[in-house]
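**Student:** Let me give you the structure first, and then I'll get to my questions.
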Amino acid sequence: MEGIALGYWKLVLGDYFYRLVIVIWSLVIFQEHVEIMKCVLDIIKGAISLIVGMGVTIKAFFSPVVTVQYPRKVINITPRFRGHTKLVADEEMPDRTKCVVCGMCAKNCPSNSIKKVEGEKKEGEKKKTATEYILNFTTCSQCGICVETCPFGALAFSADYNLAGFKREDFYFDLVKEFEERKTG
Amino acid sequence: MNELMVIINIIGKETVRAIIGLIGVLILVVINALILTWAERKVAGHMQRRIAAKEVGPFGLIQPIADSLKLLGKELLTPVNVDKPLFYLAPVFIFIPVLVSFVVIPFDACLQVKDINVGILVILAFSSLSVFSILIAGWGSNNKYSLIGAVRSVAQNIAYEIPLLLSLLPVIFMVNSLSLKDIVEFQRGGWFVWKWQFFAFLIYFIAAVAETNRTPFDLPEAESELVAGFHTEYSGMRFAIFFLAEYTNIMIVSAVAATFFLGGYLGPVLPGFVWFLIKTYFLVFVILWFRWTFPRVRFDQLLNFSWKILIPVGFVNLIVTGGLLKL
């Protein structure tokens with residue numbers, strides 16, 4: 001009976017049979033065979049974990065890329081993005097801003113980033129119109145207090161992040177000018 | 001045509017063959033390095049789900065040429081206190097052995113520069129020379145990072161050369177020849193990796209990754225600890241030659257693995273050298289794949305793994321194979 005079993009395993013395992021026999025036998029004769037078994041188990045576990053890791057990377061290798069080729073393609077900016085502040089157009093008269101030059105934003109700005117809010121009263125209009133609104137973006141921390149305190153809701157965050165300049169003065173934005181540029185497109 | 005034959009007869013056919021072969025090998029080495037720099041960046045990119053080089057040429061294929069032109073144009077800086085002869089010689093020494101190793105590798109049944117009957121010995125002997133040049137580079141640079149990198153490299157290469165030999169020996173026992181061509185021809189009945197020597201293949205591949213100083217065994221040039229290890233002080237084309245040697249070494253170990261365990265140029269339908277290149281570059285890809293999967297091992301882990309696991313398993317494998325052959 002044993003002979004048949006041996007023959008069966010020989011058939012199944014082929015040449016590996018002898019190796020298995022020798023490995024098992026050597027494990028048995030060692031005094032610390034428990035330690036060695038532990039070591040062998042460790043190696044097997046380690047090998048499996050390595051294969052799992054390689055599976056992860058090869059899956060990533062064949063999955064589509066997630067990056068966007070930036071200058072050619074841009075992703076949509078989420079509405080909550082805080083860029084520099086911008087002036088909001090009036091709903092009734094889209095060619096002018098809601099700003100009435102009250103100066104609340106400049107008073108409330110904790111870092112004194114709003115340098116200048118100037119305006120004039122045009123003929124036939126009840127409210128003042130902003131002619132100059134200088135924001136020093138170098139010290140602005142986008143805290144949003146100006147946006148919150150504006151009594152007319154004339155300020156909002158823009159989604160513009162392509163900001164680069166060579167001088168400090170490049171970041172003194174005139175929001176009225178920026179609004180005019182936005183209006184004309 | 002007649003004059004050419006006369007000239008060839010005067011010089012001797014073997015010499016002509018050797019010269020043409022060496023030129024071919026040089027071209028192969030350079031093209032291989034160009035492809036591998038590109039491939040490494042691409043593999044790295046896609047494994048991190050980004051695109052990698054894509055601007056220069058289609059799929060960024062011309063990027064390595066642009067890179068090498070840039071390196072050619074760079075100034076060769078020599079730090080003040082270096083050991084000048086050694087510092088200059090190291091890149092040369094690292095490049096010669098990799099050229100010689102290609103001479104004996106059979107790319108096809110007839111495509112081999114020279115079938116030496118101790119082929120594998122040539123490869124092993126010359127590839128162990130590269131450790132020597134790393135040591136020279138580290139010592140000559142007069143820089144603590146370079147020296148530590150070089151010392152690590154020597155310890156590592158000595159430790160991993162033994163399992164490398166132990167994994168190749170069973171195959172040599174079975175074939176009864178050191179010639180690489182005989183070893184390939186022997187595998188017409190079935191590749192060694194499936195049929196008899198799977199463990200030997202595993203040991204060989206792990207040891208080969210360690211021999212080429214690739215991740216997870218890249219301690220000699222561990223960027224996070226040693227700046228760049230033994231080639232910290234090298235710039236411009238000297239640095240490029242170290243890189244060339246590294247990529248060529250990767251190809252050599254893969255080519256030897258393909259020859260010994262994956263049946264070399266044997267395969268259906270396609271011509272032999274195509275099969276050989278497919279197998280080789282598959283193994284190269286696996287090495288790149290390792291790099292972007294595994295973290296670096298600790299130094300004690302590295303040495304323990306070789307001396308306590310790979311070498312005993314290699315010996316058991318060797319003894320069992322020898323015993324089976326005697327049965």
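Residues are named by chain letter and number: chains run A, B, ... in the order of the structure tokens, numbers start at 1 in each chain, and ligands are numbered from 1 in the order shown.
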Would you give me, as a list in words, the residues of chain B that come within 9 Å of chain A, using only C-alpha atoms?
**Tutor:**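 Every residue meeting the condition is included here: Val43, Ala44, Gly45, His46, Met47, Gln48, Arg49, Arg50, Ile51, Lys195, Trp196, Trp289, Phe290, Trp292, Thr293, Phe294, Ile309, Val316, Asn317, Val320, Thr321 and Leu324 of chain B.
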**Student:** Would you pick out the contacts of Phe192 of chain B at 7 Å or less, using only C-alpha atoms, so that residues sharing its chain but fewer than 4 positions from it are not included, and give the list as a list in words?
**Tutor:**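 That gives Gln187, Trp196, Gln197, Phe261 and Leu262 of chain B.
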**Student:** Quick one: residues within 12 Å of segment 123-140 of chain A, only C-alpha atoms counted, chain neighbours fewer than 3 positions away excluded, as a PyMOL selection string?
**Tutor:** chain A and resi 82-90+93+95-103+105-106+109-120+143-146+152+154-155+163-165+167-180
**Student:** Write out as CSV a residue-level contact list of segment 117-143 of chain B versus segment 233-247 of chain B with cut-off 12 Å: for each qualifying residue the closest pair of atoms and the distance in Å to one decimal, counting only C-alpha atoms, rows sorted by chain and residue number upward.
**Tutor:**
residue,atom,partner,partner_atom,distance
B:Ser127,CA,B:Ala245,CA,10.6
B:Leu129,CA,B:Ala245,CA,12.0
B:Ser130,CA,B:Ala245,CA,8.8
B:Val131,CA,B:Glu246,CA,11.6
B:Ser133,CA,B:Phe242,CA,10.0
B:Ile134,CA,B:Phe242,CA,9.2
B:Ala137,CA,B:Tyr234,CA,8.9
B:Gly138,CA,B:Glu233,CA,9.0
B:Trp139,CA,B:Glu233,CA,11.1
B:Gly140,CA,B:Glu233,CA,9.6
B:Ser141,CA,B:Glu233,CA,6.2
B:Asn142,CA,B:Glu233,CA,8.8
B:Asn143,CA,B:Glu233,CA,7.8
